[in-house]
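Raw contents of data_11.csv, CSV, C-alpha atoms and all ligand atoms:
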chain,number,residue,atom,x,y,z
A,1,MET,CA,14.0,-6.9,-10.0
A,2,GLU,CA,13.2,-4.2,-12.5
A,3,SER,CA,12.6,-0.7,-11.5
A,4,GLN,CA,9.0,0.3,-10.8
A,5,GLU,CA,9.6,3.2,-13.2
A,6,ALA,CA,10.7,0.9,-16.0
A,7,GLY,CA,7.0,0.1,-16.2
A,8,GLY,CA,7.5,-2.1,-19.2
A,9,GLN,CA,6.2,-5.6,-19.5
A,10,ALA,CA,9.7,-7.2,-19.0
A,11,GLY,CA,9.3,-10.3,-17.0
A,12,LEU,CA,5.5,-10.0,-16.9
A,13,ARG,CA,3.3,-12.2,-19.0
A,14,VAL,CA,-0.3,-13.2,-19.3
A,15,MET,CA,-1.2,-16.1,-17.0
A,16,ARG,CA,-1.3,-19.5,-18.8
A,17,PRO,CA,-4.6,-21.3,-19.0
A,18,GLU,CA,-3.5,-24.2,-16.7
A,19,GLU,CA,-2.3,-21.6,-14.1
A,20,ALA,CA,-5.7,-19.9,-14.3
A,21,THR,CA,-7.5,-23.2,-13.8
A,22,ALA,CA,-5.4,-24.0,-10.8
A,23,ALA,CA,-6.0,-20.6,-9.3
A,24,ARG,CA,-9.7,-20.8,-10.0
A,25,ARG,CA,-10.0,-24.0,-8.0
A,26,ARG,CA,-8.5,-22.2,-5.0
A,27,LEU,CA,-11.0,-19.4,-5.1
A,28,PRO,CA,-13.9,-19.6,-2.7
A,29,LEU,CA,-17.3,-20.7,-4.0
A,30,SER,CA,-19.0,-18.9,-1.1
A,31,ASN,CA,-19.5,-15.2,-1.1
A,32,ARG,CA,-16.8,-14.7,1.4
A,33,LEU,CA,-13.1,-14.1,0.8
A,34,PRO,CA,-10.9,-16.7,2.5
A,35,SER,CA,-9.3,-14.3,5.0
A,36,PRO,CA,-9.4,-10.6,5.8
A,37,PHE,CA,-5.6,-10.8,6.0
A,38,PRO,CA,-4.1,-11.9,2.7
A,39,GLU,CA,-0.4,-12.7,2.9
A,40,GLY,CA,1.9,-9.8,1.7
A,41,TRP,CA,3.6,-6.5,2.5
A,42,TYR,CA,1.5,-3.8,4.1
A,43,PHE,CA,2.3,-0.1,4.7
A,44,LEU,CA,2.6,1.0,8.3
A,45,ALA,CA,4.1,4.4,8.6
A,46,THR,CA,6.6,6.8,7.1
A,47,ARG,CA,10.1,6.8,8.3
A,48,LYS,CA,9.7,10.5,9.3
A,49,ALA,CA,6.7,9.6,11.5
A,50,VAL,CA,8.6,6.8,13.2
A,51,GLU,CA,11.7,8.9,13.8
A,52,LYS,CA,9.6,11.7,15.1
A,53,GLY,CA,7.1,9.7,17.0
A,54,GLY,CA,9.4,7.8,19.4
A,55,LEU,CA,7.2,4.8,20.0
A,56,ILE,CA,4.1,4.2,17.8
A,57,GLN,CA,1.4,1.7,18.6
A,58,LYS,CA,-1.0,0.5,15.9
A,59,THR,CA,-3.6,-2.2,15.3
A,60,TRP,CA,-2.5,-4.3,12.3
A,61,MET,CA,-3.9,-7.6,11.1
A,62,GLY,CA,-6.1,-7.8,14.3
A,63,GLU,CA,-3.0,-7.4,16.5
A,64,ASN,CA,-1.4,-4.6,18.5
A,65,ILE,CA,2.0,-3.8,17.3
A,66,VAL,CA,4.7,-1.2,18.2
A,67,ILE,CA,7.1,0.6,15.9
A,68,TRP,CA,10.3,2.4,16.8
A,69,SER,CA,13.7,3.2,15.5
A,70,ASP,CA,17.2,3.4,17.0
A,71,ALA,CA,19.8,6.1,16.5
A,72,GLU,CA,21.1,4.4,13.3
A,73,GLY,CA,17.7,4.6,11.8
A,74,ARG,CA,17.0,0.8,12.1
A,75,ILE,CA,13.3,0.2,12.4
A,76,CYS,CA,11.6,-2.5,14.5
A,77,VAL,CA,8.0,-3.6,14.0
A,78,ALA,CA,7.0,-6.0,16.8
A,79,LYS,CA,4.0,-7.5,18.5
A,80,ALA,CA,3.1,-5.2,21.4
A,81,ILE,CA,3.3,-8.0,24.0
A,82,CYS,CA,6.2,-8.5,26.4
A,83,PRO,CA,7.5,-12.1,26.4
A,84,HIS,CA,8.2,-11.8,30.1
A,85,LEU,CA,4.7,-11.6,31.6
A,86,GLY,CA,2.7,-10.3,28.8
A,87,ALA,CA,2.5,-6.5,29.5
A,88,ASP,CA,1.3,-4.3,26.7
A,89,LEU,CA,4.4,-2.4,25.3
A,90,GLY,CA,2.6,0.6,23.8
A,91,PRO,CA,3.0,4.1,25.0
A,92,ALA,CA,-0.5,4.3,26.5
A,93,ALA,CA,0.6,1.5,28.9
A,94,GLY,CA,3.9,3.2,29.7
A,95,GLY,CA,6.2,1.6,27.1
A,96,GLN,CA,9.0,3.9,26.1
A,97,ILE,CA,12.2,4.2,24.1
A,98,CYS,CA,15.5,4.7,25.9
A,99,GLU,CA,18.7,5.0,23.8
A,100,GLY,CA,17.0,3.1,21.0
A,101,ARG,CA,15.7,0.3,23.2
A,102,LEU,CA,12.1,-0.4,24.0
A,103,VAL,CA,11.6,-0.6,27.7
A,104,CYS,CA,8.7,-2.6,29.1
A,105,PRO,CA,6.6,-0.7,31.7
A,106,PHE,CA,6.0,-3.7,34.0
A,107,HIS,CA,9.5,-4.9,35.0
A,108,GLY,CA,11.8,-2.9,32.8
A,109,TYR,CA,13.0,-5.5,30.3
A,110,GLU,CA,14.8,-3.7,27.4
A,111,PHE,CA,14.6,-4.8,23.8
A,112,ASP,CA,16.8,-3.8,20.9
A,113,VAL,CA,15.6,-3.3,17.3
A,114,THR,CA,16.1,-7.0,16.5
A,115,GLY,CA,13.5,-7.7,19.3
A,116,GLN,CA,16.1,-9.3,21.5
A,117,CYS,CA,15.9,-8.6,25.3
A,118,VAL,CA,19.3,-7.2,26.1
A,119,ALA,CA,19.0,-6.0,29.7
A,120,THR,CA,16.7,-6.2,32.7
A,121,PRO,CA,17.0,-4.0,35.9
A,122,PHE,CA,17.9,-6.7,38.4
A,123,ALA,CA,19.3,-9.8,36.6
A,124,PRO,CA,21.0,-10.8,33.3
A,125,ALA,CA,18.7,-10.7,30.3
A,126,PRO,CA,17.2,-14.1,29.5
A,127,ARG,CA,18.3,-15.2,26.0
A,128,THR,CA,14.9,-16.6,25.2
A,129,ALA,CA,13.1,-13.3,25.8
A,130,LYS,CA,12.5,-12.0,22.3
A,131,LEU,CA,9.7,-10.0,20.8
A,132,ARG,CA,7.8,-11.3,17.8
A,133,VAL,CA,9.1,-9.1,15.1
A,134,PHE,CA,7.9,-8.5,11.5
A,135,GLU,CA,10.3,-8.1,8.6
A,136,THR,CA,10.3,-4.5,7.2
A,137,HIS,CA,11.0,-2.9,3.8
A,138,ASP,CA,11.6,0.8,3.1
A,139,ILE,CA,10.7,2.4,-0.2
A,140,HIS,CA,12.0,5.9,0.0
A,141,GLY,CA,10.8,6.5,3.5
A,142,LEU,CA,7.6,4.4,3.2
A,143,ILE,CA,7.8,1.6,5.8
A,144,PHE,CA,6.1,-1.7,5.0
A,145,ALA,CA,6.0,-4.9,7.0
A,146,TRP,CA,5.5,-8.5,5.9
A,147,TRP,CA,2.5,-10.5,7.2
A,148,GLY,CA,2.8,-14.2,6.5
A,149,VAL,CA,0.2,-16.9,7.1
A,150,ASP,CA,1.1,-18.7,10.3
A,151,GLY,CA,4.0,-16.3,10.7
A,152,ARG,CA,5.9,-17.6,7.7
A,153,PRO,CA,8.8,-15.4,6.5
A,154,PRO,CA,8.6,-13.2,3.3
A,155,GLN,CA,7.9,-15.3,0.2
A,156,TRP,CA,8.7,-12.4,-2.2
A,157,THR,CA,9.9,-8.8,-2.1
A,158,LEU,CA,8.6,-5.3,-2.9
A,159,PRO,CA,10.6,-3.3,-5.4
A,160,THR,CA,14.2,-2.9,-4.3
A,161,GLU,CA,15.6,-0.5,-6.8
A,162,PRO,CA,16.1,3.1,-5.5
A,163,LEU,CA,13.4,5.5,-6.7
A,164,GLU,CA,14.7,8.5,-8.6
A,165,GLN,CA,14.0,11.5,-6.4
A,166,ASP,CA,15.7,14.3,-8.4
A,167,GLY,CA,13.2,16.8,-9.5
A,168,TRP,CA,10.3,15.1,-7.6
A,169,CYS,CA,8.4,17.1,-5.0
A,170,ASP,CA,7.7,15.8,-1.4
A,171,TYR,CA,5.0,13.3,-0.8
A,172,GLU,CA,1.4,14.2,-0.1
A,173,ILE,CA,0.1,11.6,2.3
A,174,ASP,CA,-3.5,10.9,3.3
A,175,THR,CA,-4.9,8.0,5.2
A,176,LEU,CA,-8.6,7.0,5.2
A,177,ARG,CA,-10.1,4.3,7.4
A,178,PHE,CA,-13.3,2.5,6.3
A,179,PRO,CA,-14.8,-1.0,6.2
A,180,GLY,CA,-13.2,-2.9,3.4
A,181,HIS,CA,-11.0,-5.7,2.2
A,182,PRO,CA,-7.6,-5.2,0.3
A,183,GLN,CA,-8.6,-7.5,-2.5
A,184,GLU,CA,-11.8,-5.6,-3.1
A,185,THR,CA,-10.1,-2.3,-3.1
A,186,THR,CA,-7.2,-3.5,-5.4
A,187,GLU,CA,-9.8,-5.0,-7.8
A,188,ASN,CA,-10.7,-1.4,-8.7
A,189,SER,CA,-7.4,-1.2,-10.7
A,190,VAL,CA,-8.7,-3.6,-13.2
A,191,ASP,CA,-12.4,-2.7,-13.1
A,192,LEU,CA,-12.6,-0.3,-16.0
A,193,ALA,CA,-16.4,0.1,-16.0
A,194,HIS,CA,-16.4,1.7,-12.6
A,195,LEU,CA,-13.9,4.3,-13.8
A,196,ARG,CA,-16.5,5.6,-16.1
A,197,TYR,CA,-19.6,5.0,-14.0
A,198,VAL,CA,-18.4,6.0,-10.5
A,199,HIS,CA,-15.6,8.5,-11.3
A,200,GLY,CA,-16.8,9.9,-14.6
A,201,TYR,CA,-13.7,9.2,-16.6
A,202,ASP,CA,-14.0,9.4,-20.4
A,203,ASN,CA,-12.5,7.4,-23.2
A,204,VAL,CA,-11.3,4.7,-20.9
A,205,ASP,CA,-9.3,2.1,-22.8
A,206,ARG,CA,-6.7,-0.6,-22.1
A,207,PRO,CA,-3.7,-0.4,-24.4
A,208,GLU,CA,-2.4,-3.8,-23.3
A,209,ARG,CA,-3.8,-6.8,-21.5
A,210,MET,CA,-3.2,-7.2,-17.8
A,211,SER,CA,0.0,-9.3,-17.2
A,212,VAL,CA,1.1,-11.3,-14.2
A,213,ASP,CA,4.3,-12.8,-13.0
A,214,GLY,CA,4.1,-14.5,-9.6
A,215,HIS,CA,3.3,-11.9,-7.1
A,216,ARG,CA,3.5,-9.0,-9.6
A,217,LEU,CA,0.6,-7.7,-11.8
A,218,LEU,CA,0.7,-4.9,-14.3
A,219,SER,CA,-2.4,-3.2,-15.5
A,220,ASN,CA,-2.4,-0.3,-18.0
A,221,PHE,CA,-5.2,2.1,-19.0
A,222,ASN,CA,-5.7,5.5,-20.6
A,223,PHE,CA,-8.5,7.9,-19.9
A,224,ARG,CA,-9.6,11.5,-20.2
A,225,ARG,CA,-11.0,13.5,-17.5
A,226,VAL,CA,-12.6,17.0,-17.4
A,227,ARG,CA,-12.2,19.0,-14.3
A,228,THR,CA,-13.3,22.4,-13.2
A,229,ILE,CA,-10.8,24.3,-11.2
A,230,ALA,CA,-11.9,27.0,-8.7
A,231,LYS,CA,-15.2,27.2,-10.6
A,232,LEU,CA,-13.3,29.1,-13.3
A,233,ALA,CA,-11.6,26.9,-15.8
A,234,ARG,CA,-12.7,23.6,-17.4
A,235,LEU,CA,-9.6,21.5,-18.1
A,236,THR,CA,-9.3,18.2,-19.8
A,237,PHE,CA,-6.6,15.9,-18.5
A,238,SER,CA,-5.4,13.1,-20.8
A,239,VAL,CA,-3.8,10.4,-18.7
A,240,SER,CA,-1.9,7.1,-19.2
A,241,ALA,CA,-1.7,5.1,-16.0
A,242,LYS,CA,0.4,1.9,-15.4
A,243,THR,CA,-0.5,0.2,-12.2
A,244,HIS,CA,2.1,-2.1,-10.7
A,245,ILE,CA,0.6,-4.3,-8.1
A,246,TYR,CA,2.7,-6.3,-5.6
A,247,GLY,CA,0.2,-8.2,-3.6
A,248,LEU,CA,-2.9,-6.7,-2.1
A,249,GLY,CA,-1.3,-4.1,0.1
A,250,TYR,CA,0.8,-2.4,-2.5
A,251,SER,CA,-0.2,-0.6,-5.7
A,252,PHE,CA,2.1,1.8,-7.4
A,253,VAL,CA,0.6,3.9,-10.3
A,254,ASP,CA,3.0,5.5,-12.8
A,255,ILE,CA,1.0,8.4,-14.3
A,256,ARG,CA,1.7,10.4,-17.4
A,257,GLU,CA,-0.6,13.4,-18.1
A,258,HIS,CA,-0.2,14.3,-21.7
A,259,SER,CA,-1.9,17.7,-22.1
A,260,ILE,CA,0.3,19.5,-19.6
A,261,GLY,CA,3.2,17.1,-19.9
A,262,MET,CA,3.4,16.0,-16.3
A,263,ASN,CA,4.6,12.9,-14.5
A,264,MET,CA,3.1,11.7,-11.3
A,265,ARG,CA,3.4,8.8,-8.9
A,266,LEU,CA,0.7,7.5,-6.8
A,267,TRP,CA,0.8,4.7,-4.2
A,268,VAL,CA,-2.5,3.2,-3.1
A,269,LEU,CA,-1.7,1.2,0.1
A,270,ALA,CA,-4.4,-0.8,1.8
A,271,THR,CA,-3.6,-2.2,5.2
A,272,PRO,CA,-6.1,-4.4,7.2
A,273,VAL,CA,-6.7,-3.1,10.7
A,274,ASP,CA,-8.9,-5.6,12.5
A,275,GLY,CA,-10.7,-7.9,10.0
A,276,LYS,CA,-13.4,-5.3,9.2
A,277,LEU,CA,-11.7,-2.0,8.8
A,278,ILE,CA,-8.8,-1.1,6.5
A,279,ASP,CA,-6.5,1.9,6.4
A,280,MET,CA,-6.0,3.2,2.9
A,281,THR,CA,-3.0,5.4,2.5
A,282,LEU,CA,-2.6,7.5,-0.6
A,283,VAL,CA,0.8,8.8,-1.3
A,284,SER,CA,1.5,11.1,-4.3
A,285,GLN,CA,4.4,12.8,-5.9
A,286,VAL,CA,4.7,15.1,-9.0
A,287,ARG,CA,7.8,15.7,-11.0
A,288,GLU,CA,9.0,19.3,-11.5
A,289,ILE,CA,7.1,20.9,-14.4
A,290,ARG,CA,9.6,23.0,-16.4
A,291,ASN,CA,7.9,23.6,-19.7
A,292,PRO,CA,4.2,22.9,-19.3
A,293,ARG,CA,2.5,22.3,-22.6
A,294,ARG,CA,-0.5,24.2,-21.4
A,295,LEU,CA,-0.6,26.4,-18.4
A,296,LEU,CA,-3.0,25.7,-15.7
A,297,VAL,CA,-4.7,28.7,-14.2
A,298,GLY,CA,-2.0,30.8,-12.5
A,299,LEU,CA,0.6,28.1,-12.9
A,300,GLY,CA,2.7,30.1,-15.3
A,301,PHE,CA,3.2,32.8,-12.8
A,302,LEU,CA,4.8,30.5,-10.3
A,303,PRO,CA,8.5,29.6,-10.2
A,304,PRO,CA,9.0,26.1,-11.7
A,305,LYS,CA,10.0,24.8,-8.2
A,306,LEU,CA,6.6,25.6,-6.7
A,307,ARG,CA,4.5,24.2,-9.6
A,308,ALA,CA,4.9,20.5,-8.7
A,309,PRO,CA,4.0,20.8,-5.0
A,310,LEU,CA,0.9,22.8,-5.9
A,311,ILE,CA,-0.2,20.4,-8.6
A,312,ASN,CA,0.5,17.5,-6.1
A,313,LYS,CA,-1.8,19.0,-3.5
A,314,PHE,CA,-4.5,19.4,-6.2
A,315,MET,CA,-4.0,15.8,-7.4
A,316,ALA,CA,-4.0,14.5,-3.9
A,317,LEU,CA,-7.4,16.1,-3.2
A,318,GLN,CA,-8.8,14.7,-6.5
A,319,GLN,CA,-7.5,11.3,-5.5
A,320,ARG,CA,-9.1,11.5,-2.1
A,321,GLU,CA,-12.4,12.5,-3.7
A,322,ASP,CA,-12.2,9.5,-6.0
A,323,VAL,CA,-11.5,7.2,-3.1
A,324,LEU,CA,-14.4,8.6,-1.1
A,325,GLN,CA,-16.7,7.8,-4.1
A,326,ASP,CA,-15.4,4.2,-3.9
A,327,VAL,CA,-15.7,4.0,-0.1
A,328,VAL,CA,-19.5,4.5,-0.4
A,329,ILE,CA,-19.6,1.3,-2.5
A,330,TRP,CA,-16.8,-0.7,-0.7
A,331,GLY,CA,-18.2,-0.1,2.7
A,332,ARG,CA,-21.6,-1.7,1.8
A,333,LYS,CA,-20.8,-4.2,-0.9
A,334,GLN,CA,-20.6,-8.0,-0.6
A,335,TYR,CA,-17.9,-10.1,-2.3
A,336,THR,CA,-19.5,-12.0,-5.1
A,337,SER,CA,-17.7,-15.2,-6.0
A,338,ARG,CA,-19.5,-15.7,-9.3
A,339,PRO,CA,-20.0,-12.3,-10.7
A,340,ARG,CA,-22.2,-12.0,-13.8
A,341,LEU,CA,-19.8,-10.0,-15.9
A,342,CYS,CA,-20.3,-8.2,-19.2
A,343,ARG,CA,-17.9,-7.2,-22.0
A,344,SER,CA,-17.0,-3.8,-20.6
A,345,ASP,CA,-15.9,-5.2,-17.2
A,346,GLY,CA,-12.2,-5.6,-18.0
A,347,GLU,CA,-10.2,-8.4,-16.4
A,348,ILE,CA,-11.9,-9.1,-13.1
A,349,MET,CA,-11.6,-12.9,-13.1
A,350,PRO,CA,-7.9,-13.0,-14.2
A,351,PHE,CA,-7.3,-10.6,-11.4
A,352,ARG,CA,-9.0,-12.9,-8.9
A,353,TYR,CA,-6.9,-15.9,-10.1
A,354,TYR,CA,-3.8,-13.7,-9.4
A,355,CYS,CA,-5.2,-13.0,-5.9
A,356,ALA,CA,-5.6,-16.7,-5.0
A,357,GLN,CA,-1.8,-17.0,-4.2
A,358,PHE,CA,-2.2,-14.7,-1.3
A,359,TYR,CA,-4.3,-17.1,0.7
A,360,PRO,CA,-1.9,-20.1,1.2
A,361,GLU,CA,-3.2,-23.0,3.3
A,362,PRO,CA,-2.3,-22.5,7.0
A,363,GLY,CA,0.7,-24.7,7.9
A,364,ASN,CA,2.1,-24.5,4.4
A,365,GLY,CA,5.8,-23.7,5.0
A,366,ALA,CA,5.1,-22.1,8.4
A,367,PRO,CA,7.9,-22.2,10.9
A,401,LIG,S1,6.0,-8.0,31.6
A,401,LIG,FE1,7.5,-6.9,30.5
A,401,LIG,S2,9.2,-6.9,31.8
A,401,LIG,FE2,7.7,-8.0,32.9
A,402,FE,FE,-12.2,3.7,-8.0
Translate the structure described by the file into structure tokens.
Amino acid sequence: MESQEAGGQAGLRVMRPEEATAARRRLPLSNRLPSPFPEGWYFLATRKAVEKGGLIQKTWMGENIVIWSDAEGRICVAKAICPHLGADLGPAAGGQICEGRLVCPFHGYEFDVTGQCVATPFAPAPRTAKLRVFETHDIHGLIFAWWGVDGRPPQWTLPTEPLEQDGWCDYEIDTLRFPGHPQETTENSVDLAHLRYVHGYDNVDRPERMSVDGHRLLSNFNFRRVRTIAKLARLTFSVSAKTHIYGLGYSFVDIREHSIGMNMRLWVLATPVDGKLIDMTLVSQVREIRNPRRLLVGLGFLPPKLRAPLINKFMALQQREDVLQDVVIWGRKQYTSRPRLCRSDGEIMPFRYYCAQFYPEPGNGAP
């Protein structure tokens, strides 16, 4: 698989008309999306949080899950129900980690990071006692888990190439919880009109058509944006953004800001909680700015090493503001299966044909 950073169109192409027709047939005619839980990879936590947190419990896809790691850094994501007599395994119920094993609070069954019961206090471990585990994937410390319809295994992967970290500052991470659906939030990446109307971007244009290859979608756009910093300086940012979408839980935006000469990464990670709410996690990173083309207020006085973290904080706040503007709409909108689109709308329908693959019929390939 190509690097996320390569960003080019290699391997990606515009959907063929017959594929679009097949996908269109699978889209719902009613104004309801087929499921609040499209199949795919979804962000759960950072590795740092898992290693620091001991045992983490979360609601994910309408289920309680637990997350922990052993001393070798192997992470387990599992349903928080004990296969012995059904006790809740979360820390609130008394579940705990001892020497990398999850210990059930009810009768002390111990589970390793594969989910297998490896010991009990009073008898040999039953071989059939195994947690229901979810496959995980780590992208430079961001931990994702696969959710398959009917529990089927991963049908595709997230990017596997290591991400260049030299010269990049630490992540800024922010999670917002609100009523929404990951398809509706991801659709914003191709909805150019809202960029102008809701967020006030100028000169929005699409240098290339959206392209799709299986589970991957690439959408490019350029825009300008005027920002006032600390009520003092009005700055114009000129931005090219390439959005790499891998299913409805993972969007990676490769951003080049031209007027300062700055590279930035942004992940927009939507994870369904319970069928109504989603957690949207925003992760951003800025590359060291050595020779800024234009100095932001005060930036020139800072040593180069401090510039990127500072800009990253500023960008993360901007991003949060943008999402909060969208949340007002997302939290109240209804999915419209037959939108009455106009010419400035971008590629909403091709995006929806792409989405249809994430709602496979139950029983299709399930174990
Ligand atoms: S219910 Fe977990 S050990 Fe009995
Ligand atoms: Fe938006």
### Summary
note - atom CA of A:Gly275 and atom CA of A:Gln357 are separated by 19.1 Å
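Atom pair atom CA of A:Leu89 / atom CA of A:Asp174: separated by 26.9 Å.
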### Query
Hey, what's within 6 Å of stretch 251-258 of chain A if we count all atoms listed in the file and toss same-chain stuff fewer than 6 positions away? As a list in words, please?
Ser238, Val239, Ser240, Ala241, Lys242, Thr243, His244, Ile245, Met264, Arg265, Leu266, Trp267 and Val268 of chain A
### Message
So the first atom is atom CA of A:Pro360 and the second is atom CA of A:Pro38; what is the distance between them in Å, to one decimal place?
### Response
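So the answer is 8.6 Å.
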### Task
For each of A:Gly141, A:Gly200, A:Gly331, A:Gly62, take the minimum atom-to-atom distance to A:Gly180, counting all atoms listed in the file, then give the residue where this is smallest.
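Closest residue, counting all atoms listed in the file: A:Gly331.
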List all protein, DNA and RNA residues that have any atom at most 9 Å from ligand LIG 401 (chain A), counting only C-alpha atoms and all ligand atoms, and write the list as a CSV table (one decimal) with C-alpha atoms, in the frame of the given file.
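New file selection-v3.csv:
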chain,number,residue,atom,x,y,z
A,81,ILE,CA,3.3,-8.0,24.0
A,82,CYS,CA,6.2,-8.5,26.4
A,83,PRO,CA,7.5,-12.1,26.4
A,84,HIS,CA,8.2,-11.8,30.1
A,85,LEU,CA,4.7,-11.6,31.6
A,86,GLY,CA,2.7,-10.3,28.8
A,87,ALA,CA,2.5,-6.5,29.5
A,88,ASP,CA,1.3,-4.3,26.7
A,89,LEU,CA,4.4,-2.4,25.3
A,103,VAL,CA,11.6,-0.6,27.7
A,104,CYS,CA,8.7,-2.6,29.1
A,105,PRO,CA,6.6,-0.7,31.7
A,106,PHE,CA,6.0,-3.7,34.0
A,107,HIS,CA,9.5,-4.9,35.0
A,108,GLY,CA,11.8,-2.9,32.8
A,109,TYR,CA,13.0,-5.5,30.3
A,110,GLU,CA,14.8,-3.7,27.4
A,120,THR,CA,16.7,-6.2,32.7
### Within 8 Å of ligand FE 402 (chain A) (all atoms listed in the file), residues as an MDAnalysis selection string
chainID A and resid 188:189 194:195 198:199 322:323 325:326
Counting only C-alpha atoms, which residues of stretch 128-211 of chain A sit at most 10 Å from some atom of stretch 305-315 of chain A, and what is each one's closest atom pair with its distance in Å to one decimal, listed by chain and rising residue number, as CSV?
residue,atom,partner,partner_atom,distance
A:Gly167,CA,A:Lys305,CA,8.7
A:Trp168,CA,A:Ala308,CA,7.7
A:Cys169,CA,A:Pro309,CA,5.7
A:Asp170,CA,A:Pro309,CA,7.2
A:Tyr171,CA,A:Asn312,CA,8.1
A:Glu172,CA,A:Lys313,CA,6.7
A:Ile173,CA,A:Lys313,CA,9.6
### Message
I want to know what sits within 12 Å of A:Gly53, based on all atoms listed in the file, with residues of the same chain fewer than 5 positions away left out; could you give that as a VMD selection string?
### Response
chain A and resid 45 to 48 66 to 70 91 96 to 97
### Message
I need the residue nearest A:Ser284 from this list: A:Phe221, A:Leu142, A:Gly94, A:Tyr246. Use all atoms listed in the file for the distance.
### Response
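Of the candidates, the smallest distance to A:Ser284 is held by A:Leu142.
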### Exercise: residues within 10 Å of coordinate (17.0, -8.3, 19.2), counting all atoms listed in the file, as an MDAnalysis selection string
chainID A and resid 76 101 110:118 127 129:133
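Proximity ranking of A:Ser337, A:Thr59, A:Thr185, A:Thr136 relative to A:Val77 places A:Thr136 first, based on only C-alpha atoms.
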### A:Gln319, A:Glu184, A:Glu18, A:Trp41 ranked by distance to A:Thr336, top pick (using only C-alpha atoms)
A:Glu184
List the spatial neighbours of A:Trp60 as a compact mmCIF listing (two decimals) with C-alpha atoms, in the coordinates of the input - criterion: any atom at most 10 Å away, only C-alpha atoms, same-chain residues fewer than 4 positions off excluded.
# COMPACT_ATOMS: atom_id res chain seq x y z
CA PHE A 37 -5.60 -10.80 6.00
CA TYR A 42 1.50 -3.80 4.10
CA PHE A 43 2.30 -0.10 4.70
CA LEU A 44 2.60 1.00 8.30
CA ASN A 64 -1.40 -4.60 18.50
CA ILE A 65 2.00 -3.80 17.30
CA VAL A 66 4.70 -1.20 18.20
CA LYS A 79 4.00 -7.50 18.50
CA TRP A 147 2.50 -10.50 7.20
CA THR A 271 -3.60 -2.20 5.20
CA PRO A 272 -6.10 -4.40 7.20
CA VAL A 273 -6.70 -3.10 10.70
CA ASP A 274 -8.90 -5.60 12.50
CA GLY A 275 -10.70 -7.90 10.00
CA ILE A 278 -8.80 -1.10 6.50
CA ASP A 279 -6.50 1.90 6.40
